[in-house]
$ cat query-v6.cif   # mmCIF, C-alpha atoms
data_upload
loop_
_atom_site.label_atom_id
_atom_site.label_comp_id
_atom_site.auth_asym_id
_atom_site.auth_seq_id
_atom_site.Cartn_x
_atom_site.Cartn_y
_atom_site.Cartn_z
CA MET A 1277 -9.97 25.52 -67.45
CA SER A 1278 -6.52 27.06 -67.74
CA PHE A 1279 -5.41 29.41 -70.47
CA CYS A 1280 -2.88 26.88 -71.81
CA SER A 1281 -5.42 24.04 -71.65
CA ARG A 1282 -7.92 26.12 -73.65
CA LEU A 1283 -5.25 27.08 -76.14
CA LEU A 1284 -3.88 23.62 -76.75
CA ARG A 1285 -7.23 21.86 -76.84
CA ALA A 1286 -8.32 24.34 -79.49
CA GLY A 1287 -5.35 23.42 -81.64
CA GLY A 1288 -3.52 26.62 -80.86
CA ALA A 1289 -6.39 29.02 -81.47
CA PHE A 1290 -7.19 31.54 -78.76
CA GLU A 1291 -9.74 34.31 -78.77
CA SER A 1292 -7.26 37.09 -78.14
CA PRO A 1293 -3.57 36.70 -78.96
CA GLN A 1294 -4.31 36.09 -82.63
CA ASN A 1295 -1.45 35.25 -85.00
CA HIS A 1296 0.80 34.32 -82.09
CA ASP A 1297 -0.32 30.71 -81.73
CA ASP A 1298 3.16 29.24 -82.11
CA GLU A 1299 4.55 31.56 -79.44
CA TRP A 1300 1.82 30.64 -76.95
CA ARG A 1301 2.10 26.93 -77.79
CA SER A 1302 5.84 27.03 -77.11
CA PHE A 1303 5.21 28.95 -73.88
CA CYS A 1304 2.60 26.46 -72.66
CA GLY A 1305 3.87 23.22 -74.01
CA GLY A 1306 7.52 22.40 -73.42
CA VAL A 1307 9.18 20.64 -70.52
CA ASP A 1308 12.88 19.87 -70.60
CA ASP A 1309 13.32 16.12 -70.57
CA GLY A 1310 16.62 16.33 -68.74
CA GLY A 1311 18.65 15.73 -71.85
CA GLY A 1312 18.20 19.03 -73.60
CA GLY A 1313 15.05 18.01 -75.46
CA LEU A 1314 11.45 19.06 -74.91
CA LEU A 1315 8.73 16.63 -73.97
CA PRO A 1316 5.46 17.57 -75.68
CA TRP A 1317 2.43 18.60 -73.68
CA ARG A 1318 0.10 15.61 -73.11
CA SER A 1319 1.26 13.67 -76.13
CA ALA A 1320 1.41 9.95 -76.70
CA GLY A 1321 4.77 8.30 -76.98
CA VAL A 1322 6.82 5.23 -76.22
CA ALA A 1323 9.24 5.41 -73.32
CA SER A 1324 12.87 4.77 -74.22
CA VAL A 1325 13.70 3.63 -70.67
CA LYS A 1326 11.78 1.73 -68.03
CA CYS A 1327 10.08 3.65 -65.29
CA ILE A 1328 11.49 3.57 -61.80
CA GLU A 1329 9.66 1.05 -59.62
CA SER A 1330 9.42 3.32 -56.57
CA GLU A 1331 7.81 6.04 -58.69
CA ARG A 1332 5.47 3.47 -60.24
CA GLN A 1333 4.30 2.50 -56.77
CA ALA A 1334 3.90 6.18 -55.85
CA LEU A 1335 1.65 6.67 -58.88
CA LEU A 1336 -0.46 3.63 -57.96
CA SER A 1337 -0.81 4.97 -54.42
CA LEU A 1338 -1.91 8.29 -55.89
CA LYS A 1339 -4.58 6.55 -57.97
CA ARG A 1340 -5.84 4.66 -54.92
CA GLY A 1341 -6.18 7.94 -53.07
CA PHE A 1342 -8.23 9.33 -55.94
CA ASN A 1343 -10.69 6.44 -55.45
CA VAL A 1344 -11.46 6.44 -59.16
CA THR A 1345 -14.87 4.95 -59.95
CA ASP A 1346 -14.86 5.31 -63.75
CA ASP A 1347 -12.47 4.43 -66.58
CA TRP A 1348 -10.19 7.36 -65.85
CA LEU A 1349 -6.56 6.20 -65.51
CA SER A 1350 -7.49 2.71 -66.66
CA SER A 1351 -3.98 2.30 -68.07
CA TRP A 1352 -2.57 2.55 -64.54
CA GLY A 1353 -2.36 -0.85 -62.86
CA ASP A 1354 -0.45 -4.01 -61.94
CA GLY A 1355 -1.40 -6.06 -64.97
CA GLU A 1356 1.21 -7.67 -67.18
CA GLN A 1357 0.58 -5.08 -69.90
CA GLN A 1358 0.72 -2.21 -67.41
CA LYS A 1359 4.23 -2.57 -66.05
CA GLU A 1360 5.66 0.40 -67.92
CA CYS A 1361 4.34 3.44 -66.06
CA CYS A 1362 6.02 5.84 -68.50
CA ASN A 1363 3.36 4.79 -71.02
CA TRP A 1364 0.46 5.43 -68.66
CA GLU A 1365 -2.09 8.09 -69.41
CA GLY A 1366 -0.85 11.54 -68.41
CA VAL A 1367 2.63 10.33 -67.45
CA LYS A 1368 5.86 11.22 -69.23
CA CYS A 1369 9.33 10.24 -68.11
CA SER A 1370 12.84 11.40 -68.87
CA LYS A 1371 14.19 9.45 -71.83
CA ASN A 1372 17.57 9.40 -70.09
CA THR A 1373 16.84 8.64 -66.43
CA GLY A 1374 13.30 7.21 -66.38
CA HIS A 1375 12.19 9.65 -63.70
CA VAL A 1376 8.62 10.93 -64.03
CA LEU A 1377 8.81 14.53 -65.26
CA ILE A 1378 5.24 15.23 -66.38
CA LEU A 1379 2.01 14.35 -64.60
CA ASP A 1380 -0.91 15.77 -66.54
CA LEU A 1381 -4.16 14.61 -64.94
CA HIS A 1382 -6.37 17.53 -65.85
CA VAL A 1383 -10.03 16.97 -66.61
CA ASP A 1384 -12.76 19.23 -67.90
CA PRO A 1385 -14.31 20.76 -64.74
CA TYR A 1386 -17.74 20.36 -66.32
CA ASP A 1387 -17.25 16.58 -66.51
CA GLU A 1388 -17.64 16.25 -62.72
CA GLY A 1389 -14.17 14.84 -62.05
CA THR A 1390 -14.84 13.99 -58.39
CA ARG A 1391 -11.88 12.42 -56.56
CA ALA A 1392 -11.29 11.57 -52.92
CA SER A 1393 -7.84 12.75 -51.86
CA ILE A 1394 -4.31 13.52 -53.00
CA SER A 1395 -1.96 10.94 -51.54
CA PRO A 1396 1.30 12.10 -49.94
CA SER A 1397 2.96 9.66 -52.35
CA LEU A 1398 2.84 12.51 -54.86
CA GLY A 1399 5.76 14.02 -52.95
CA GLU A 1400 7.87 10.98 -53.87
CA LEU A 1401 7.93 12.08 -57.51
CA SER A 1402 10.82 14.36 -56.62
CA HIS A 1403 11.95 15.01 -60.22
CA LEU A 1404 8.53 16.21 -61.36
CA LYS A 1405 8.62 19.38 -63.48
CA TYR A 1406 5.03 19.59 -64.71
CA LEU A 1407 1.94 18.94 -62.58
CA ASP A 1408 -1.61 19.60 -63.77
CA LEU A 1409 -4.54 18.51 -61.59
CA SER A 1410 -6.92 21.16 -62.90
CA GLY A 1411 -10.64 20.43 -62.99
CA ASN A 1412 -10.54 17.69 -60.35
CA TYR A 1413 -12.75 18.08 -57.28
CA PHE A 1414 -11.08 16.53 -54.24
CA THR A 1415 -13.69 15.84 -51.58
CA LEU A 1416 -11.24 14.85 -48.83
CA THR A 1417 -8.30 17.07 -49.75
CA THR A 1418 -9.90 20.47 -49.36
CA SER A 1419 -6.78 22.65 -49.50
CA ILE A 1420 -3.40 22.47 -51.20
CA PRO A 1421 -1.36 19.74 -49.47
CA PRO A 1422 1.87 21.16 -48.03
CA PHE A 1423 3.91 18.31 -49.55
CA ILE A 1424 3.45 19.84 -53.00
CA GLY A 1425 6.05 22.32 -51.79
CA SER A 1426 8.59 19.47 -51.74
CA LEU A 1427 8.43 19.16 -55.55
CA THR A 1428 11.17 21.73 -55.87
CA PHE A 1429 11.93 21.06 -59.55
CA LEU A 1430 8.42 22.05 -60.67
CA THR A 1431 8.28 24.63 -63.43
CA HIS A 1432 4.56 24.23 -64.20
CA LEU A 1433 1.77 23.88 -61.61
CA ASN A 1434 -1.92 24.06 -62.47
CA LEU A 1435 -4.52 23.65 -59.71
CA SER A 1436 -7.34 25.62 -61.37
CA PRO A 1437 -10.08 24.92 -60.50
CA CYS A 1438 -9.69 22.19 -57.88
CA TYR A 1439 -12.24 23.73 -55.51
CA PHE A 1440 -9.59 24.19 -52.85
CA GLY A 1441 -10.13 26.55 -49.95
CA GLY A 1442 -8.29 27.63 -46.86
CA LYS A 1443 -4.79 29.05 -46.92
CA ILE A 1444 -2.13 28.49 -49.54
CA PRO A 1445 0.63 26.64 -47.65
CA PRO A 1446 3.85 28.60 -47.11
CA GLN A 1447 5.76 25.63 -48.55
CA MET A 1448 4.68 26.88 -51.99
CA GLY A 1449 7.45 29.42 -51.59
CA ASN A 1450 9.95 26.57 -52.02
CA LEU A 1451 9.04 26.18 -55.69
CA ARG A 1452 11.79 28.53 -56.85
CA PHE A 1453 11.86 27.27 -60.43
CA LEU A 1454 8.14 27.77 -61.11
CA GLU A 1455 7.46 29.53 -64.39
CA TYR A 1456 3.74 28.75 -64.64
CA LEU A 1457 1.37 28.97 -61.66
CA ASP A 1458 -2.39 28.77 -62.08
CA LEU A 1459 -4.40 28.85 -58.83
CA GLY A 1460 -7.42 30.53 -60.37
CA ALA A 1461 -11.07 29.80 -59.57
CA ASN A 1462 -10.56 28.28 -56.14
CA ASN A 1463 -11.56 29.76 -52.80
CA PHE A 1464 -8.23 30.51 -51.19
CA ASP A 1465 -7.54 32.92 -48.42
CA LEU A 1466 -4.29 34.67 -49.17
CA PRO A 1467 -2.46 35.93 -46.07
CA GLN A 1468 0.13 38.64 -46.63
CA GLN A 1469 2.97 36.31 -45.67
CA THR A 1470 1.95 33.75 -48.30
CA LEU A 1471 1.53 36.43 -50.95
CA SER A 1472 5.03 37.70 -50.22
CA GLN A 1473 6.39 34.20 -50.72
CA LEU A 1474 4.61 33.84 -54.06
CA LEU A 1475 6.02 37.17 -55.15
CA ASN A 1476 9.50 35.78 -54.51
CA LEU A 1477 8.98 33.23 -57.28
CA THR A 1478 10.85 35.46 -59.68
CA HIS A 1479 10.99 32.92 -62.53
CA LEU A 1480 7.22 33.17 -63.00
CA VAL A 1481 6.09 33.85 -66.55
CA PHE A 1482 2.41 32.98 -65.99
CA LEU A 1483 0.45 33.85 -62.83
CA ASP A 1484 -3.30 33.38 -62.46
CA LEU A 1485 -4.81 34.18 -59.05
CA SER A 1486 -8.19 35.16 -60.44
CA PHE A 1487 -11.50 34.40 -58.70
CA ASN A 1488 -9.98 33.88 -55.26
CA ASN A 1489 -10.22 35.84 -52.03
CA LEU A 1490 -7.17 37.98 -52.80
CA ALA A 1491 -8.07 40.82 -50.48
CA GLY A 1492 -6.62 39.21 -47.39
CA GLY A 1493 -3.14 39.26 -48.87
CA PHE A 1494 -3.14 42.94 -49.78
CA HIS A 1495 -2.56 45.88 -47.46
CA LEU A 1496 -5.68 47.54 -46.08
CA GLU A 1497 -5.79 51.27 -46.72
CA LEU A 1498 -8.33 54.02 -46.16
CA THR A 1499 -9.22 55.77 -49.40
CA ASN A 1500 -10.53 59.28 -49.82
CA ILE A 1501 -13.47 57.96 -51.82
CA GLY A 1502 -16.31 57.92 -49.33
CA ASN A 1503 -13.84 57.02 -46.56
CA ALA A 1504 -13.99 53.44 -47.81
CA PHE A 1505 -11.45 50.77 -47.06
CA THR A 1506 -9.77 49.02 -49.95
CA ARG A 1507 -7.00 46.49 -50.42
CA THR A 1508 -4.04 47.72 -52.46
CA ILE A 1509 -2.19 45.46 -54.88
CA PRO A 1510 1.38 45.54 -53.53
CA SER A 1511 4.22 47.13 -55.45
CA GLN A 1512 6.19 43.89 -54.94
CA PHE A 1513 4.56 42.61 -58.12
CA LYS A 1514 7.34 44.48 -59.90
CA LYS A 1515 9.71 41.71 -58.79
CA LEU A 1516 8.00 39.34 -61.23
CA SER A 1517 9.77 40.97 -64.15
CA ARG A 1518 9.49 37.88 -66.38
CA LEU A 1519 5.71 37.76 -66.28
CA GLN A 1520 3.92 37.41 -69.60
CA TYR A 1521 0.48 36.51 -68.20
CA LEU A 1522 -1.12 38.15 -65.15
CA ASP A 1523 -4.75 37.68 -64.11
CA LEU A 1524 -5.90 39.17 -60.80
CA ASN A 1525 -9.62 39.23 -61.53
CA PRO A 1526 -11.05 39.52 -57.99
CA LYS A 1527 -13.61 37.06 -56.72
CA GLY A 1528 -17.20 38.26 -56.36
CA SER A 1529 -18.94 37.75 -53.04
CA ASP A 1530 -22.18 35.86 -52.52
CA ASP A 1531 -24.21 39.07 -52.82
CA GLY A 1532 -22.66 39.87 -56.19
CA GLU A 1533 -20.32 42.56 -54.90
CA THR A 1534 -16.68 42.45 -55.99
CA MET A 1535 -13.85 42.46 -53.49
CA SER A 1536 -12.48 46.00 -53.21
CA LEU A 1537 -8.99 45.96 -54.69
CA SER A 1538 -7.12 49.02 -55.91
CA SER A 1539 -3.81 49.91 -57.53
CA ASP A 1540 -1.87 52.85 -58.90
CA LEU A 1541 -0.14 50.52 -61.41
CA GLU A 1542 3.28 52.00 -60.59
CA TRP A 1543 4.68 48.47 -60.50
CA LEU A 1544 3.57 47.85 -64.08
CA SER A 1545 6.60 49.56 -65.59
CA GLN A 1546 8.78 46.62 -64.49
CA LEU A 1547 6.62 44.03 -66.28
CA SER A 1548 7.60 45.02 -69.79
CA THR A 1549 7.16 41.49 -71.22
CA LEU A 1550 3.44 41.21 -70.34
CA ARG A 1551 1.29 39.81 -73.11
CA TYR A 1552 -1.90 39.12 -71.14
CA PHE A 1553 -3.04 41.62 -68.49
CA SER A 1554 -6.40 41.25 -66.73
CA LEU A 1555 -7.53 43.37 -63.76
CA PRO A 1556 -11.31 43.72 -64.26
CA GLY A 1557 -13.09 45.25 -61.29
CA VAL A 1558 -9.90 46.58 -59.67
CA ASN A 1559 -10.19 50.25 -58.69
CA LEU A 1560 -7.63 52.19 -60.75
CA THR A 1561 -8.77 55.67 -59.77
CA SER A 1562 -5.30 56.41 -58.41
CA ALA A 1563 -3.60 55.21 -61.60
CA SER A 1564 -3.22 58.72 -62.96
CA SER A 1565 -0.82 57.62 -65.72
CA TRP A 1566 -2.48 54.40 -66.78
CA GLN A 1567 -2.20 55.16 -70.50
CA ARG A 1568 1.50 55.95 -70.21
CA GLN A 1569 2.10 52.80 -68.16
CA LEU A 1570 0.28 50.63 -70.67
CA SER A 1571 2.21 52.26 -73.50
CA GLY A 1572 5.37 50.66 -72.14
CA LEU A 1573 4.02 47.12 -72.69
CA SER A 1574 5.39 46.50 -76.16
CA HIS A 1575 4.32 42.82 -76.28
CA LEU A 1576 0.77 43.21 -74.98
CA GLN A 1577 -1.92 41.20 -76.78
CA TYR A 1578 -4.79 41.04 -74.28
CA LEU A 1579 -5.97 43.91 -72.06
CA ASP A 1580 -8.98 43.72 -69.74
CA LEU A 1581 -9.61 46.76 -67.54
CA ASN A 1582 -13.39 46.46 -67.47
CA GLY A 1583 -15.03 48.28 -64.56
CA CYS A 1584 -11.83 49.82 -63.15
CA ASN A 1585 -12.99 53.44 -62.63
CA LEU A 1586 -10.62 54.65 -65.33
CA VAL A 1587 -10.81 58.37 -66.07
CA ASP A 1588 -9.19 60.77 -68.54
CA HIS A 1589 -6.22 62.12 -66.63
CA MET A 1590 -4.09 63.89 -69.22
CA PRO A 1591 -4.43 65.45 -72.66
CA THR A 1592 -3.58 63.29 -75.65
CA SER A 1593 -0.61 65.49 -76.53
CA SER A 1594 1.09 64.61 -73.25
CA LEU A 1595 0.93 60.87 -73.79
CA ALA A 1596 4.21 59.03 -74.15
CA SER A 1597 5.15 58.25 -77.71
CA PRO A 1598 3.31 55.12 -78.86
CA VAL A 1599 6.48 53.88 -80.52
CA ASN A 1600 7.06 51.32 -77.74
CA PHE A 1601 3.42 50.30 -77.36
CA SER A 1602 2.31 46.90 -78.58
CA THR A 1603 1.38 46.63 -82.23
CA SER A 1604 -0.15 43.20 -81.65
CA LEU A 1605 -3.07 44.06 -79.33
CA SER A 1606 -6.00 41.89 -80.31
CA PHE A 1607 -8.32 42.19 -77.29
CA VAL A 1608 -9.14 45.44 -75.46
CA ASP A 1609 -11.93 45.76 -72.90
CA ILE A 1610 -12.11 49.17 -71.21
CA SER A 1611 -15.88 49.13 -70.79
CA ASN A 1612 -17.80 50.24 -67.69
CA ASN A 1613 -15.40 53.04 -66.77
CA SER A 1614 -15.67 56.85 -66.61
CA LEU A 1615 -13.89 57.79 -69.82
CA MET A 1616 -15.30 60.92 -71.41
CA ASP A 1617 -13.10 62.32 -74.18
CA SER A 1618 -13.44 60.04 -77.19
CA SER A 1619 -10.65 61.82 -79.06
CA PHE A 1620 -8.37 61.05 -76.12
CA ILE A 1621 -8.94 57.30 -76.05
CA LEU A 1622 -9.53 56.74 -79.77
CA SER A 1623 -6.38 58.52 -80.85
CA TRP A 1624 -4.45 56.54 -78.24
CA LEU A 1625 -5.64 53.31 -79.83
CA MET A 1626 -5.27 54.53 -83.40
CA ASN A 1627 -1.64 55.46 -82.81
CA SER A 1628 -0.74 52.11 -81.32
CA THR A 1629 -2.33 49.03 -82.85
CA SER A 1630 -3.89 47.74 -86.04
CA THR A 1631 -4.58 44.10 -85.11
CA LEU A 1632 -7.67 44.37 -82.90
CA VAL A 1633 -10.14 41.49 -82.91
CA THR A 1634 -12.26 42.66 -79.96
CA LEU A 1635 -12.77 46.25 -78.81
CA ARG A 1636 -15.19 47.01 -75.97
CA MET A 1637 -15.64 50.61 -74.86
CA ASN A 1638 -19.32 50.40 -73.94
CA ASP A 1639 -20.87 51.95 -70.83
CA ASN A 1640 -18.52 54.90 -70.46
CA ASP A 1641 -19.37 58.57 -70.83
CA LEU A 1642 -17.59 59.03 -74.15
CA THR A 1643 -18.49 62.23 -75.98
CA GLY A 1644 -17.47 63.69 -79.33
CA THR A 1645 -17.28 62.13 -82.76
CA ILE A 1646 -15.53 59.09 -84.16
CA PRO A 1647 -12.73 60.04 -86.60
CA LYS A 1648 -13.44 59.01 -90.18
CA THR A 1649 -10.11 57.18 -90.29
CA PHE A 1650 -10.81 55.17 -87.15
CA GLY A 1651 -12.13 52.16 -89.02
CA ASP A 1652 -9.37 52.26 -91.62
CA LYS A 1653 -6.63 52.15 -89.00
CA LEU A 1654 -8.05 49.64 -86.54
CA MET A 1655 -10.44 47.33 -88.20
CA SER A 1656 -8.74 45.08 -90.72
CA SER A 1657 -9.26 42.10 -88.39
CA LEU A 1658 -12.01 43.36 -86.05
CA GLU A 1659 -14.74 40.89 -85.11
CA GLU A 1660 -16.43 42.68 -82.21
CA LEU A 1661 -16.94 46.41 -81.65
CA ASN A 1662 -19.07 47.58 -78.74
CA LEU A 1663 -19.64 51.32 -78.19
CA THR A 1664 -23.11 51.16 -76.68
CA ASN A 1665 -24.28 53.42 -73.84
CA ASN A 1666 -22.07 56.44 -74.49
CA GLU A 1667 -22.73 60.00 -75.68
CA LEU A 1668 -21.02 59.74 -79.07
CA GLU A 1669 -22.44 61.93 -81.82
CA GLY A 1670 -22.07 62.82 -85.48
CA GLN A 1671 -22.06 60.38 -88.36
CA ILE A 1672 -20.92 56.80 -88.10
CA PRO A 1673 -17.80 56.34 -90.25
CA VAL A 1674 -18.62 54.54 -93.50
CA SER A 1675 -15.58 52.34 -92.94
CA PHE A 1676 -17.45 50.55 -90.13
CA PHE A 1677 -19.69 48.95 -92.73
CA HIS A 1678 -16.81 47.67 -94.87
CA ILE A 1679 -15.40 45.28 -92.29
CA GLY A 1680 -16.08 41.78 -93.55
CA SER A 1681 -14.79 40.13 -90.38
CA LEU A 1682 -17.28 41.83 -88.01
CA THR A 1683 -19.66 39.49 -86.19
CA THR A 1684 -20.90 41.99 -83.56
CA LEU A 1685 -21.31 45.75 -83.98
CA ASP A 1686 -23.18 47.54 -81.20
CA LEU A 1687 -23.54 51.31 -81.57
CA SER A 1688 -26.85 51.64 -79.73
CA HIS A 1689 -27.73 54.28 -77.15
CA ASN A 1690 -25.55 57.07 -78.50
CA ARG A 1691 -26.37 60.36 -80.28
CA PHE A 1692 -25.37 59.46 -83.79
CA THR A 1693 -27.05 61.22 -86.73
CA GLY A 1694 -27.45 60.40 -90.38
CA MET A 1695 -28.58 57.27 -92.17
CA LEU A 1696 -27.17 53.78 -92.26
CA PRO A 1697 -25.88 52.68 -95.67
CA GLU A 1698 -28.46 50.84 -97.73
CA ASP A 1699 -25.94 48.20 -98.75
CA LEU A 1700 -24.56 46.22 -95.82
CA SER A 1701 -23.54 43.25 -97.95
CA GLN A 1702 -19.87 43.59 -96.97
CA LEU A 1703 -20.82 42.75 -93.39
CA SER A 1704 -21.30 39.14 -94.40
CA SER A 1705 -20.27 37.75 -90.99
CA LEU A 1706 -22.40 40.13 -88.92
CA GLN A 1707 -24.70 38.41 -86.45
CA GLU A 1708 -25.81 41.41 -84.38
CA LEU A 1709 -26.36 45.10 -85.20
CA PRO A 1710 -28.22 46.91 -82.40
CA PHE A 1711 -28.78 50.55 -83.31
CA LYS A 1712 -30.87 52.80 -81.10
CA THR A 1713 -30.03 56.44 -80.49
CA THR A 1714 -30.60 58.50 -77.36
CA GLY A 1715 -31.62 62.10 -77.06
#
$ encode --input "query-v6.cif" --output "structure tokens"
Amino acid sequence: MSFCSRLLRAGGAFESPQNHDDEWRSFCGGVDDGGGGLLPWRSAGVASVKCIESERQALLSLKRGFNVTDDWLSSWGDGEQQKECCNWEGVKCSKNTGHVLILDLHVDPYDEGTRASISPSLGELSHLKYLDLSGNYFTLTTSIPPFIGSLTFLTHLNLSPCYFGGKIPPQMGNLRFLEYLDLGANNFDLPQQTLSQLLNLTHLVFLDLSFNNLAGGFHLELTNIGNAFTRTIPSQFKKLSRLQYLDLNPKGSDDGETMSLSSDLEWLSQLSTLRYFSLPGVNLTSASSWQRQLSGLSHLQYLDLNGCNLVDHMPTSSLASPVNFSTSLSFVDISNNSLMDSSFILSWLMNSTSTLVTLRMNDNDLTGTIPKTFGDKLMSSLEELNLTNNELEGQIPVSFFHIGSLTTLDLSHNRFTGMLPEDLSQLSSLQELPFKTTG
């Protein structure tokens, strides 16, 4: 299920970008109706003009290709009460011209939305701006049909997950006005030529390529780490300067191993409007200035660099001023890395944000003590804190036990000393408190 689908179905609530619901709703939900107004995302309404007959027939042909066997799209038909296609489920038309602008046919992927094929008649909806087929499993259309590239007015395209495989057609490069592209959780091969075409879609604000076979589209390089080959995320990502959402979570193989992707993050400096940044499992050993690069993302709300081989590269004093770093970070996952100096990473966070909801730093090699002021500066809204499997020592700050919003606090497998407070009544929401020391 897409990020925007999750957000809007939840009434605007999302686990990470807290307190920015209206911004994300506006980002996900508006399509220009051709007359300067916005058509709401998947809302009911009465058409002010009649639909165009040729587009009505194209929609009926599309439904026939789906070979629907349940009540889905029951409002689509030839009956006397079904003449007005602009009132059909998932269809919205321009109030001025009658052209179909929105086709939202997403289903929950867990509801087994099995369809047959995508009819070429879809290409006849030439004014379409918003197309969402996410969650449908097309048994006869097993890859993205090239004719989708003829829908050149599209600004929003969601095909995640549609269980597509094969190559992404080069015609996708024709969609020059795309702002939202979600191809996540399919099984695409991504040749370098196709990737280059996608990176020319410079209007993109949202790009999700997660859980695909991305490696084929990235340059193969020999690393100096065990003479291993890895695929490098190309610097051309810097051309997507409008991006607010980027997810390149690589697809795991059948044996559980993750595709070997790497990056030095030098291209990140051009993506200053990022709000959601997810690269879990990507090798960032060569990103020697990752903290400085992240500090330039003044709008960042969600950061996932879990399992990226991050290391401490520079002393805290040499970090760029946190003045430009986001003050609205609500989700940070830097677990399963090789971070060692707790004062380095903790001071970096303390000097930058005070709105964290989730903080995961477990399974590093963090040593040292936790500053007494750490809880005071970071934890007014914290719900999850995971520091397990490190080498932290000293006393646990008392402020940890005054956070009423905490639901999960995991400090186990460290070298903490001292006693827990007898009164934990302020942790009224706490559901889990593992606490087991090592050494």
$ residues_around --input "query-v6.cif" --residues "His1375 in chain A" --least-positions-apart "4" --cutoff "10 Å" --atoms "only C-alpha atoms" --output "mmCIF file with C-alpha atoms, keeping the file's coordinate frame"
data_model
loop_
_atom_site.group_PDB
_atom_site.id
_atom_site.type_symbol
_atom_site.label_atom_id
_atom_site.label_comp_id
_atom_site.auth_asym_id
_atom_site.auth_seq_id
_atom_site.Cartn_x
_atom_site.Cartn_y
_atom_site.Cartn_z
ATOM 1 C CA ASP A 1309 13.320 16.120 -70.570
ATOM 2 C CA GLY A 1310 16.620 16.330 -68.740
ATOM 3 C CA VAL A 1325 13.700 3.630 -70.670
ATOM 4 C CA LYS A 1326 11.780 1.730 -68.030
ATOM 5 C CA CYS A 1327 10.080 3.650 -65.290
ATOM 6 C CA ILE A 1328 11.490 3.570 -61.800
ATOM 7 C CA GLU A 1329 9.660 1.050 -59.620
ATOM 8 C CA SER A 1330 9.420 3.320 -56.570
ATOM 9 C CA GLU A 1331 7.810 6.040 -58.690
ATOM 10 C CA ARG A 1332 5.470 3.470 -60.240
ATOM 11 C CA CYS A 1362 6.020 5.840 -68.500
ATOM 12 C CA LYS A 1368 5.860 11.220 -69.230
ATOM 13 C CA CYS A 1369 9.330 10.240 -68.110
ATOM 14 C CA SER A 1370 12.840 11.400 -68.870
ATOM 15 C CA LYS A 1371 14.190 9.450 -71.830
ATOM 16 C CA LEU A 1401 7.930 12.080 -57.510
ATOM 17 C CA SER A 1402 10.820 14.360 -56.620
ATOM 18 C CA HIS A 1403 11.950 15.010 -60.220
ATOM 19 C CA LEU A 1404 8.530 16.210 -61.360
#
$ atom_distance --input "query-v6.cif" --atom1 "CA of Thr1631 in chain A" --atom2 "CA of Tyr1552 in chain A"
15.1 Å
$ closest_residue --input "query-v6.cif" --among "A:Leu1433, A:Leu1605, A:Val1367, A:Leu1696" --to "Phe1676 in chain A" --atoms "all atoms listed in the file"
A:Leu1696
$ resolve_selection --input "query-v6.cif" --expression "the PyMOL selection byres ((chain A and resi 1432) around 7)" --output "list in words"
Lys1405, Tyr1406, Leu1407, Leu1430, Thr1431, Leu1433, Asn1434, Leu1454, Glu1455, Tyr1456 and Leu1457 of chain A
$ resolve_selection --input "query-v6.cif" --expression "the PyMOL selection byres ((chain A and resi 1553) around 9)" --output "PyMOL selection string"
chain A and resi 1520-1524+1550-1552+1554-1555+1576-1581
$ resolve_selection --input "query-v6.cif" --expression "the PyMOL selection byres ((chain A and resi 1693) around 8)" --output "ChimeraX atom specification"
/A:1669-1672,1691-1692,1694-1695
$ closest_residue --input "query-v6.cif" --among "A:Met1448, A:Ile1378, A:Leu1516, A:Ala1334" --to "Ser1548 in chain A" --atoms "only C-alpha atoms"
A:Leu1516
$ residues_around --input "query-v6.cif" --residues "Gly1460 in chain A" --least-positions-apart "3" --cutoff "7 Å" --atoms "all atoms listed in the file" --output "list of chain:residue names"
A:Ser1436, A:Pro1437, A:Asp1484, A:Leu1485, A:Ser1486, A:Phe1487, A:Asn1488
$ atom_distance --input "query-v6.cif" --atom1 "CA of Glu1667 in chain A" --atom2 "CA of Asp1652 in chain A"
22.2 Å
$ closest_residue --input "query-v6.cif" --among "A:Pro1673, A:Val1587, A:Asp1380, A:Gln1546" --to "Phe1650 in chain A" --atoms "all atoms listed in the file"
A:Pro1673
